[in-house]
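Peer 1: As input, take structure-v3.pdb (PDB, N, CA and C atoms, pLDDT in the B column):
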ATOM      1  N   MET V  27     -48.010  -8.869   2.913  1.00 44.00           N
ATOM      2  CA  MET V  27     -47.520  -9.519   1.710  1.00 44.00           C
ATOM      3  C   MET V  27     -46.025  -9.798   1.860  1.00 44.00           C
ATOM      4  N   SER V  28     -45.580 -10.959   1.466  1.00 46.00           N
ATOM      5  CA  SER V  28     -44.193 -11.373   1.589  1.00 46.00           C
ATOM      6  C   SER V  28     -43.338 -10.734   0.503  1.00 46.00           C
ATOM      7  N   ALA V  29     -42.092 -10.452   0.850  1.00 48.00           N
ATOM      8  CA  ALA V  29     -41.145  -9.898  -0.124  1.00 48.00           C
ATOM      9  C   ALA V  29     -40.493 -11.000  -0.950  1.00 48.00           C
ATOM     10  N   GLY V  30     -40.824 -12.243  -0.657  1.00 47.00           N
ATOM     11  CA  GLY V  30     -40.282 -13.362  -1.419  1.00 47.00           C
ATOM     12  C   GLY V  30     -38.800 -13.564  -1.166  1.00 47.00           C
ATOM     13  N   PRO V  31     -38.087 -14.134  -2.133  1.00 48.00           N
ATOM     14  CA  PRO V  31     -36.678 -14.474  -1.931  1.00 48.00           C
ATOM     15  C   PRO V  31     -35.772 -13.245  -1.811  1.00 48.00           C
ATOM     16  N   PHE V  32     -36.277 -12.056  -2.122  1.00 41.00           N
ATOM     17  CA  PHE V  32     -35.451 -10.858  -2.080  1.00 41.00           C
ATOM     18  C   PHE V  32     -35.573 -10.106  -0.767  1.00 41.00           C
ATOM     19  N   ARG V  33     -36.327 -10.644   0.169  1.00 42.00           N
ATOM     20  CA  ARG V  33     -36.493 -10.002   1.462  1.00 42.00           C
ATOM     21  C   ARG V  33     -35.151  -9.962   2.198  1.00 42.00           C
ATOM     22  N   ARG V  34     -34.831  -8.830   2.764  1.00 44.00           N
ATOM     23  CA  ARG V  34     -33.571  -8.664   3.475  1.00 44.00           C
ATOM     24  C   ARG V  34     -33.837  -8.605   4.974  1.00 44.00           C
ATOM     25  N   THR V  35     -32.954  -9.213   5.720  1.00 41.00           N
ATOM     26  CA  THR V  35     -33.049  -9.147   7.169  1.00 41.00           C
ATOM     27  C   THR V  35     -31.709  -8.692   7.711  1.00 41.00           C
ATOM     28  N   ALA V  36     -31.709  -8.277   8.969  1.00 45.00           N
ATOM     29  CA  ALA V  36     -30.467  -7.814   9.587  1.00 45.00           C
ATOM     30  C   ALA V  36     -29.410  -8.912   9.629  1.00 45.00           C
ATOM     31  N   ALA V  37     -29.826 -10.140   9.682  1.00 48.00           N
ATOM     32  CA  ALA V  37     -28.882 -11.256   9.794  1.00 48.00           C
ATOM     33  C   ALA V  37     -28.222 -11.605   8.465  1.00 48.00           C
ATOM     34  N   ARG V  38     -28.768 -11.116   7.368  1.00 60.00           N
ATOM     35  CA  ARG V  38     -28.209 -11.444   6.052  1.00 60.00           C
ATOM     36  C   ARG V  38     -27.397 -10.293   5.517  1.00 60.00           C
ATOM     37  N   HIS V  39     -26.353 -10.619   4.775  1.00 58.00           N
ATOM     38  CA  HIS V  39     -25.597  -9.541   4.137  1.00 58.00           C
ATOM     39  C   HIS V  39     -26.423  -9.021   2.971  1.00 58.00           C
ATOM     40  N   THR V  40     -26.103  -7.827   2.534  1.00 75.00           N
ATOM     41  CA  THR V  40     -26.910  -7.203   1.492  1.00 75.00           C
ATOM     42  C   THR V  40     -26.204  -7.156   0.149  1.00 75.00           C
ATOM     43  N   GLY V  41     -25.310  -8.070  -0.079  1.00 88.00           N
ATOM     44  CA  GLY V  41     -24.654  -8.141  -1.376  1.00 88.00           C
ATOM     45  C   GLY V  41     -23.150  -7.991  -1.256  1.00 88.00           C
ATOM     46  N   MET V  42     -22.496  -8.189  -2.379  1.00 94.00           N
ATOM     47  CA  MET V  42     -21.041  -8.131  -2.421  1.00 94.00           C
ATOM     48  C   MET V  42     -20.552  -6.698  -2.326  1.00 94.00           C
ATOM     49  N   PRO V  43     -19.609  -6.417  -1.408  1.00 97.00           N
ATOM     50  CA  PRO V  43     -18.957  -5.108  -1.442  1.00 97.00           C
ATOM     51  C   PRO V  43     -17.905  -5.096  -2.558  1.00 97.00           C
ATOM     52  N   PHE V  44     -17.846  -3.998  -3.283  1.00 98.00           N
ATOM     53  CA  PHE V  44     -16.853  -3.788  -4.329  1.00 98.00           C
ATOM     54  C   PHE V  44     -16.001  -2.593  -3.916  1.00 98.00           C
ATOM     55  N   ILE V  45     -14.693  -2.800  -3.792  1.00 98.00           N
ATOM     56  CA  ILE V  45     -13.805  -1.763  -3.294  1.00 98.00           C
ATOM     57  C   ILE V  45     -12.714  -1.504  -4.321  1.00 98.00           C
ATOM     58  N   GLN V  46     -12.660  -0.281  -4.816  1.00 98.00           N
ATOM     59  CA  GLN V  46     -11.612   0.093  -5.757  1.00 98.00           C
ATOM     60  C   GLN V  46     -10.635   1.016  -5.042  1.00 98.00           C
ATOM     61  N   ILE V  47      -9.356   0.697  -5.150  1.00 98.00           N
ATOM     62  CA  ILE V  47      -8.291   1.498  -4.570  1.00 98.00           C
ATOM     63  C   ILE V  47      -7.518   2.104  -5.727  1.00 98.00           C
ATOM     64  N   THR V  48      -7.496   3.422  -5.803  1.00 98.00           N
ATOM     65  CA  THR V  48      -6.757   4.102  -6.858  1.00 98.00           C
ATOM     66  C   THR V  48      -5.541   4.757  -6.226  1.00 98.00           C
ATOM     67  N   MET V  49      -4.372   4.461  -6.773  1.00 98.00           N
ATOM     68  CA  MET V  49      -3.154   5.026  -6.202  1.00 98.00           C
ATOM     69  C   MET V  49      -2.080   5.179  -7.263  1.00 98.00           C
ATOM     70  N   ILE V  50      -1.087   5.982  -6.923  1.00 97.00           N
ATOM     71  CA  ILE V  50       0.032   6.204  -7.828  1.00 97.00           C
ATOM     72  C   ILE V  50       0.831   4.906  -7.938  1.00 97.00           C
ATOM     73  N   ALA V  51       1.192   4.556  -9.144  1.00 98.00           N
ATOM     74  CA  ALA V  51       1.960   3.340  -9.407  1.00 98.00           C
ATOM     75  C   ALA V  51       3.312   3.409  -8.717  1.00 98.00           C
ATOM     76  N   GLY V  52       3.816   2.236  -8.330  1.00 96.00           N
ATOM     77  CA  GLY V  52       5.164   2.163  -7.790  1.00 96.00           C
ATOM     78  C   GLY V  52       5.321   1.267  -6.577  1.00 96.00           C
ATOM     79  N   ARG V  53       4.221   0.747  -6.035  1.00 98.00           N
ATOM     80  CA  ARG V  53       4.342  -0.163  -4.890  1.00 98.00           C
ATOM     81  C   ARG V  53       4.767  -1.541  -5.376  1.00 98.00           C
ATOM     82  N   THR V  54       5.339  -2.314  -4.471  1.00 98.00           N
ATOM     83  CA  THR V  54       5.745  -3.675  -4.824  1.00 98.00           C
ATOM     84  C   THR V  54       4.512  -4.579  -4.880  1.00 98.00           C
ATOM     85  N   GLU V  55       4.682  -5.735  -5.499  1.00 98.00           N
ATOM     86  CA  GLU V  55       3.598  -6.718  -5.554  1.00 98.00           C
ATOM     87  C   GLU V  55       3.197  -7.143  -4.144  1.00 98.00           C
ATOM     88  N   GLN V  56       4.189  -7.304  -3.260  1.00 98.00           N
ATOM     89  CA  GLN V  56       3.877  -7.703  -1.879  1.00 98.00           C
ATOM     90  C   GLN V  56       3.094  -6.608  -1.158  1.00 98.00           C
ATOM     91  N   GLN V  57       3.454  -5.359  -1.348  1.00 98.00           N
ATOM     92  CA  GLN V  57       2.702  -4.266  -0.727  1.00 98.00           C
ATOM     93  C   GLN V  57       1.252  -4.265  -1.203  1.00 98.00           C
ATOM     94  N   LYS V  58       1.059  -4.510  -2.476  1.00 98.00           N
ATOM     95  CA  LYS V  58      -0.305  -4.534  -3.020  1.00 98.00           C
ATOM     96  C   LYS V  58      -1.090  -5.730  -2.485  1.00 98.00           C
ATOM     97  N   ARG V  59      -0.453  -6.886  -2.378  1.00 98.00           N
ATOM     98  CA  ARG V  59      -1.116  -8.053  -1.783  1.00 98.00           C
ATOM     99  C   ARG V  59      -1.517  -7.763  -0.344  1.00 98.00           C
ATOM    100  N   ASP V  60      -0.592  -7.163   0.413  1.00 98.00           N
ATOM    101  CA  ASP V  60      -0.874  -6.838   1.816  1.00 98.00           C
ATOM    102  C   ASP V  60      -2.026  -5.842   1.931  1.00 98.00           C
ATOM    103  N   LEU V  61      -2.032  -4.838   1.072  1.00 98.00           N
ATOM    104  CA  LEU V  61      -3.107  -3.841   1.087  1.00 98.00           C
ATOM    105  C   LEU V  61      -4.456  -4.486   0.787  1.00 98.00           C
ATOM    106  N   LEU V  62      -4.506  -5.308  -0.246  1.00 98.00           N
ATOM    107  CA  LEU V  62      -5.767  -5.964  -0.605  1.00 98.00           C
ATOM    108  C   LEU V  62      -6.262  -6.870   0.519  1.00 98.00           C
ATOM    109  N   ALA V  63      -5.351  -7.594   1.153  1.00 98.00           N
ATOM    110  CA  ALA V  63      -5.740  -8.464   2.264  1.00 98.00           C
ATOM    111  C   ALA V  63      -6.272  -7.637   3.429  1.00 98.00           C
ATOM    112  N   ALA V  64      -5.595  -6.526   3.758  1.00 98.00           N
ATOM    113  CA  ALA V  64      -6.017  -5.682   4.882  1.00 98.00           C
ATOM    114  C   ALA V  64      -7.371  -5.025   4.614  1.00 98.00           C
ATOM    115  N   VAL V  65      -7.574  -4.551   3.396  1.00 98.00           N
ATOM    116  CA  VAL V  65      -8.855  -3.918   3.043  1.00 98.00           C
ATOM    117  C   VAL V  65      -9.979  -4.950   3.092  1.00 98.00           C
ATOM    118  N   SER V  66      -9.715  -6.129   2.602  1.00 98.00           N
ATOM    119  CA  SER V  66     -10.729  -7.187   2.634  1.00 98.00           C
ATOM    120  C   SER V  66     -11.086  -7.550   4.069  1.00 98.00           C
ATOM    121  N   GLN V  67     -10.063  -7.696   4.911  1.00 98.00           N
ATOM    122  CA  GLN V  67     -10.314  -8.032   6.314  1.00 98.00           C
ATOM    123  C   GLN V  67     -11.069  -6.905   7.018  1.00 98.00           C
ATOM    124  N   ALA V  68     -10.688  -5.667   6.763  1.00 98.00           N
ATOM    125  CA  ALA V  68     -11.382  -4.524   7.375  1.00 98.00           C
ATOM    126  C   ALA V  68     -12.843  -4.474   6.952  1.00 98.00           C
ATOM    127  N   THR V  69     -13.118  -4.826   5.704  1.00 97.00           N
ATOM    128  CA  THR V  69     -14.494  -4.848   5.226  1.00 97.00           C
ATOM    129  C   THR V  69     -15.290  -5.926   5.950  1.00 97.00           C
ATOM    130  N   THR V  70     -14.705  -7.094   6.094  1.00 97.00           N
ATOM    131  CA  THR V  70     -15.365  -8.177   6.829  1.00 97.00           C
ATOM    132  C   THR V  70     -15.608  -7.763   8.278  1.00 97.00           C
ATOM    133  N   ASP V  71     -14.595  -7.191   8.908  1.00 97.00           N
ATOM    134  CA  ASP V  71     -14.707  -6.796  10.314  1.00 97.00           C
ATOM    135  C   ASP V  71     -15.721  -5.673  10.531  1.00 97.00           C
ATOM    136  N   SER V  72     -15.746  -4.699   9.635  1.00 97.00           N
ATOM    137  CA  SER V  72     -16.563  -3.516   9.874  1.00 97.00           C
ATOM    138  C   SER V  72     -18.022  -3.662   9.479  1.00 97.00           C
ATOM    139  N   ILE V  73     -18.295  -4.395   8.412  1.00 96.00           N
ATOM    140  CA  ILE V  73     -19.705  -4.505   7.991  1.00 96.00           C
ATOM    141  C   ILE V  73     -20.231  -5.931   8.013  1.00 96.00           C
ATOM    142  N   GLY V  74     -19.388  -6.858   8.428  1.00 96.00           N
ATOM    143  CA  GLY V  74     -19.831  -8.237   8.554  1.00 96.00           C
ATOM    144  C   GLY V  74     -19.995  -8.978   7.241  1.00 96.00           C
ATOM    145  N   ALA V  75     -19.379  -8.461   6.183  1.00 96.00           N
ATOM    146  CA  ALA V  75     -19.473  -9.142   4.885  1.00 96.00           C
ATOM    147  C   ALA V  75     -18.685 -10.446   4.942  1.00 96.00           C
ATOM    148  N   PRO V  76     -19.268 -11.537   4.489  1.00 97.00           N
ATOM    149  CA  PRO V  76     -18.506 -12.781   4.435  1.00 97.00           C
ATOM    150  C   PRO V  76     -17.272 -12.584   3.546  1.00 97.00           C
ATOM    151  N   PRO V  77     -16.120 -13.074   3.973  1.00 96.00           N
ATOM    152  CA  PRO V  77     -14.885 -12.850   3.200  1.00 96.00           C
ATOM    153  C   PRO V  77     -15.004 -13.233   1.723  1.00 96.00           C
ATOM    154  N   GLU V  78     -15.722 -14.302   1.454  1.00 97.00           N
ATOM    155  CA  GLU V  78     -15.826 -14.752   0.054  1.00 97.00           C
ATOM    156  C   GLU V  78     -16.657 -13.823  -0.827  1.00 97.00           C
ATOM    157  N   THR V  79     -17.321 -12.838  -0.228  1.00 97.00           N
ATOM    158  CA  THR V  79     -18.111 -11.896  -1.024  1.00 97.00           C
ATOM    159  C   THR V  79     -17.392 -10.591  -1.296  1.00 97.00           C
ATOM    160  N   VAL V  80     -16.258 -10.360  -0.637  1.00 98.00           N
ATOM    161  CA  VAL V  80     -15.549  -9.081  -0.760  1.00 98.00           C
ATOM    162  C   VAL V  80     -14.717  -9.075  -2.042  1.00 98.00           C
ATOM    163  N   ARG V  81     -14.928  -8.051  -2.855  1.00 98.00           N
ATOM    164  CA  ARG V  81     -14.164  -7.865  -4.097  1.00 98.00           C
ATOM    165  C   ARG V  81     -13.385  -6.563  -3.952  1.00 98.00           C
ATOM    166  N   ALA V  82     -12.074  -6.612  -4.133  1.00 98.00           N
ATOM    167  CA  ALA V  82     -11.235  -5.416  -4.053  1.00 98.00           C
ATOM    168  C   ALA V  82     -10.209  -5.468  -5.168  1.00 98.00           C
ATOM    169  N   TRP V  83      -9.891  -4.316  -5.710  1.00 98.00           N
ATOM    170  CA  TRP V  83      -8.891  -4.255  -6.771  1.00 98.00           C
ATOM    171  C   TRP V  83      -8.178  -2.920  -6.701  1.00 98.00           C
ATOM    172  N   ILE V  84      -7.004  -2.892  -7.311  1.00 98.00           N
ATOM    173  CA  ILE V  84      -6.169  -1.700  -7.335  1.00 98.00           C
ATOM    174  C   ILE V  84      -6.093  -1.180  -8.759  1.00 98.00           C
ATOM    175  N   VAL V  85      -6.258   0.126  -8.891  1.00 98.00           N
ATOM    176  CA  VAL V  85      -6.032   0.810 -10.157  1.00 98.00           C
ATOM    177  C   VAL V  85      -4.802   1.684  -9.944  1.00 98.00           C
ATOM    178  N   GLU V  86      -3.762   1.418 -10.709  1.00 98.00           N
ATOM    179  CA  GLU V  86      -2.537   2.195 -10.588  1.00 98.00           C
ATOM    180  C   GLU V  86      -2.487   3.260 -11.681  1.00 98.00           C
ATOM    181  N   VAL V  87      -2.131   4.460 -11.267  1.00 98.00           N
ATOM    182  CA  VAL V  87      -2.060   5.585 -12.180  1.00 98.00           C
ATOM    183  C   VAL V  87      -0.609   6.073 -12.224  1.00 98.00           C
ATOM    184  N   PRO V  88      -0.059   6.264 -13.406  1.00 98.00           N
ATOM    185  CA  PRO V  88       1.315   6.751 -13.498  1.00 98.00           C
ATOM    186  C   PRO V  88       1.443   8.148 -12.869  1.00 98.00           C
ATOM    187  N   PRO V  89       2.592   8.451 -12.265  1.00 98.00           N
ATOM    188  CA  PRO V  89       2.773   9.756 -11.626  1.00 98.00           C
ATOM    189  C   PRO V  89       2.702  10.925 -12.609  1.00 98.00           C
ATOM    190  N   THR V  90       2.807  10.637 -13.891  1.00 98.00           N
ATOM    191  CA  THR V  90       2.662  11.696 -14.902  1.00 98.00           C
ATOM    192  C   THR V  90       1.202  12.037 -15.171  1.00 98.00           C
ATOM    193  N   GLU V  91       0.291  11.241 -14.613  1.00 98.00           N
ATOM    194  CA  GLU V  91      -1.132  11.441 -14.888  1.00 98.00           C
ATOM    195  C   GLU V  91      -1.936  11.839 -13.654  1.00 98.00           C
ATOM    196  N   ILE V  92      -1.237  12.214 -12.577  1.00 97.00           N
ATOM    197  CA  ILE V  92      -1.899  12.705 -11.371  1.00 97.00           C
ATOM    198  C   ILE V  92      -1.239  14.015 -10.996  1.00 97.00           C
ATOM    199  N   SER V  93      -2.054  15.002 -10.635  1.00 97.00           N
ATOM    200  CA  SER V  93      -1.460  16.269 -10.218  1.00 97.00           C
ATOM    201  C   SER V  93      -1.884  16.630  -8.808  1.00 97.00           C
ATOM    202  N   VAL V  94      -1.029  17.409  -8.168  1.00 96.00           N
ATOM    203  CA  VAL V  94      -1.308  18.011  -6.874  1.00 96.00           C
ATOM    204  C   VAL V  94      -1.093  19.505  -7.069  1.00 96.00           C
ATOM    205  N   ALA V  95      -2.115  20.270  -6.796  1.00 96.00           N
ATOM    206  CA  ALA V  95      -2.038  21.731  -6.986  1.00 96.00           C
ATOM    207  C   ALA V  95      -1.608  22.092  -8.407  1.00 96.00           C
ATOM    208  N   GLY V  96      -2.070  21.316  -9.379  1.00 97.00           N
ATOM    209  CA  GLY V  96      -1.812  21.623 -10.780  1.00 97.00           C
ATOM    210  C   GLY V  96      -0.474  21.167 -11.307  1.00 97.00           C
ATOM    211  N   GLU V  97       0.306  20.471 -10.514  1.00 98.00           N
ATOM    212  CA  GLU V  97       1.617  19.996 -10.936  1.00 98.00           C
ATOM    213  C   GLU V  97       1.630  18.479 -10.836  1.00 98.00           C
ATOM    214  N   THR V  98       2.141  17.804 -11.872  1.00 98.00           N
ATOM    215  CA  THR V  98       2.128  16.343 -11.825  1.00 98.00           C
ATOM    216  C   THR V  98       3.008  15.842 -10.682  1.00 98.00           C
ATOM    217  N   VAL V  99       2.649  14.677 -10.195  1.00 97.00           N
ATOM    218  CA  VAL V  99       3.434  14.049  -9.137  1.00 97.00           C
ATOM    219  C   VAL V  99       4.842  13.778  -9.641  1.00 97.00           C
ATOM    220  N   ALA V 100       4.992  13.405 -10.899  1.00 97.00           N
ATOM    221  CA  ALA V 100       6.325  13.163 -11.475  1.00 97.00           C
ATOM    222  C   ALA V 100       7.175  14.427 -11.417  1.00 97.00           C
ATOM    223  N   ASP V 101       6.590  15.568 -11.771  1.00 97.00           N
ATOM    224  CA  ASP V 101       7.323  16.825 -11.718  1.00 97.00           C
ATOM    225  C   ASP V 101       7.654  17.211 -10.280  1.00 97.00           C
ATOM    226  N   ARG V 102       6.742  16.996  -9.371  1.00 97.00           N
ATOM    227  CA  ARG V 102       7.004  17.306  -7.947  1.00 97.00           C
ATOM    228  C   ARG V 102       8.133  16.446  -7.411  1.00 97.00           C
ATOM    229  N   ARG V 103       8.134  15.167  -7.793  1.00 96.00           N
ATOM    230  CA  ARG V 103       9.207  14.275  -7.346  1.00 96.00           C
ATOM    231  C   ARG V 103      10.548  14.705  -7.914  1.00 96.00           C
ATOM    232  N   ALA V 104      10.561  15.091  -9.187  1.00 96.00           N
ATOM    233  CA  ALA V 104      11.807  15.532  -9.827  1.00 96.00           C
ATOM    234  C   ALA V 104      12.356  16.765  -9.133  1.00 96.00           C
ATOM    235  N   LYS V 105      11.489  17.707  -8.777  1.00 96.00           N
ATOM    236  CA  LYS V 105      11.932  18.905  -8.064  1.00 96.00           C
ATOM    237  C   LYS V 105      12.494  18.540  -6.686  1.00 96.00           C
ATOM    238  N   ALA V 106      11.816  17.627  -6.001  1.00 95.00           N
ATOM    239  CA  ALA V 106      12.279  17.219  -4.664  1.00 95.00           C
ATOM    240  C   ALA V 106      13.635  16.536  -4.745  1.00 95.00           C
ATOM    241  N   ASP V 107      13.863  15.772  -5.800  1.00 96.00           N
ATOM    242  CA  ASP V 107      15.151  15.086  -5.970  1.00 96.00           C
ATOM    243  C   ASP V 107      16.283  16.069  -6.259  1.00 96.00           C
ATOM    244  N   GLN V 108      15.959  17.195  -6.904  1.00 96.00           N
ATOM    245  CA  GLN V 108      16.973  18.204  -7.235  1.00 96.00           C
ATOM    246  C   GLN V 108      17.294  19.112  -6.046  1.00 96.00           C
ATOM    247  N   GLY V 109      16.313  19.264  -5.137  1.00 86.00           N
ATOM    248  CA  GLY V 109      16.464  20.227  -4.047  1.00 86.00           C
ATOM    249  C   GLY V 109      17.044  19.672  -2.865  1.00 86.00           C
TER     250      GLY V 109
END
What is this file in structure tokens?
Peer 2:
Amino acid sequence: MSAGPFRRTAARHTGMPFIQITMIAGRTEQQKRDLLAAVSQATTDSIGAPPETVRAWIVEVPPTEISVAGETVADRRAKADQG
């Protein structure tokens, strides 16, 4: 029995990759553009996804809302600046 139009083969991609990058806010617009371009290219290179199907986005989190070992990144940075 045929799988119809939903049949997948090795030669076909299996859908759009969606890539979310979560990082502490503070990079420049150019750095973010470069990162998105590099991630998109790496996705195309590594899994063969057509470039037009790759979706990537950045979620920026303020340093006051991320902690390392129970201390916010903002507080860690402030301590490093004082020391």
Peer 1: As AutoDock Vina command-line options, please: the centre and edge lengths in Å, to one decimal, of an axis-aligned box enclosing every listed atom of stretch 94-99 of chain V with 5 Å added on each side.
Peer 2:
--center_x 1.4 --center_y 17.9 --center_z -9.3 --size_x 17.0 --size_y 18.3 --size_z 15.1
Peer 1: Go through V:Arg59, V:Val85, V:Lys105, V:Val99 and flag the residue nearest V:Ile47, using all atoms listed in the file for the distances.
Peer 2: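 With all atoms listed in the file as the atom set, the closest residue is V:Val85.
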Peer 1: Could you check which of V:Met42, V:Met49, V:Ala64, V:Ala104 is closest to V:Glu86, using only N, CA and C atoms?
Peer 2: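 The shortest atom-to-atom distance to V:Glu86 comes from V:Met49.
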Peer 1: Can you list, as a ChimeraX atom specification, all residues belonging to stretch 72-106 of chain V that DSSP tags as alpha helix (DSSP H)?
Peer 2: /V:72-73,99-106
Peer 1: From the options V:Val80, V:Ala100, V:Ala95, V:Val87, which residue's atoms come nearest to V:Ala51, counting all atoms listed in the file?
Peer 2: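 Using all atoms listed in the file, V:Ala51 sits closest to V:Val87.
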Peer 1: Which residues come within 9 Å of stretch 68-78 of chain V, counting only C-alpha atoms, excluding same-chain residues fewer than 5 positions away, as a list in words?
Peer 2: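 Result of the neighbour search: His39, Thr40, Gly41, Met42, Pro43 and Ala63 of chain V.
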Peer 1: Find the distance between atom N of V:Gln46 and atom C of V:Ile84 and write it in Å to one decimal.
Peer 2: 7.7 Å
Peer 1: On this structure, which residues satisfy the PyMOL selection byres (((chain V and resi 89 and name CA) around 9) and name CA), written as a list in words?
Peer 2: Ile50, Ala51, Gly52, Val87, Pro88, Thr90, Glu91, Ile92, Ser93, Thr98, Val99, Ala100, Asp101 and Arg103 of chain V
Peer 1: Report the distance between atom N of V:Glu55 and atom CA of V:Ala82 in Å, rounded to one decimal place.
Peer 2: 16.0 Å
Peer 1: One number please: atom C of V:Ser66 to atom CA of V:Thr54, in Å, one decimal.
Peer 2: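 The value is 19.4 Å.
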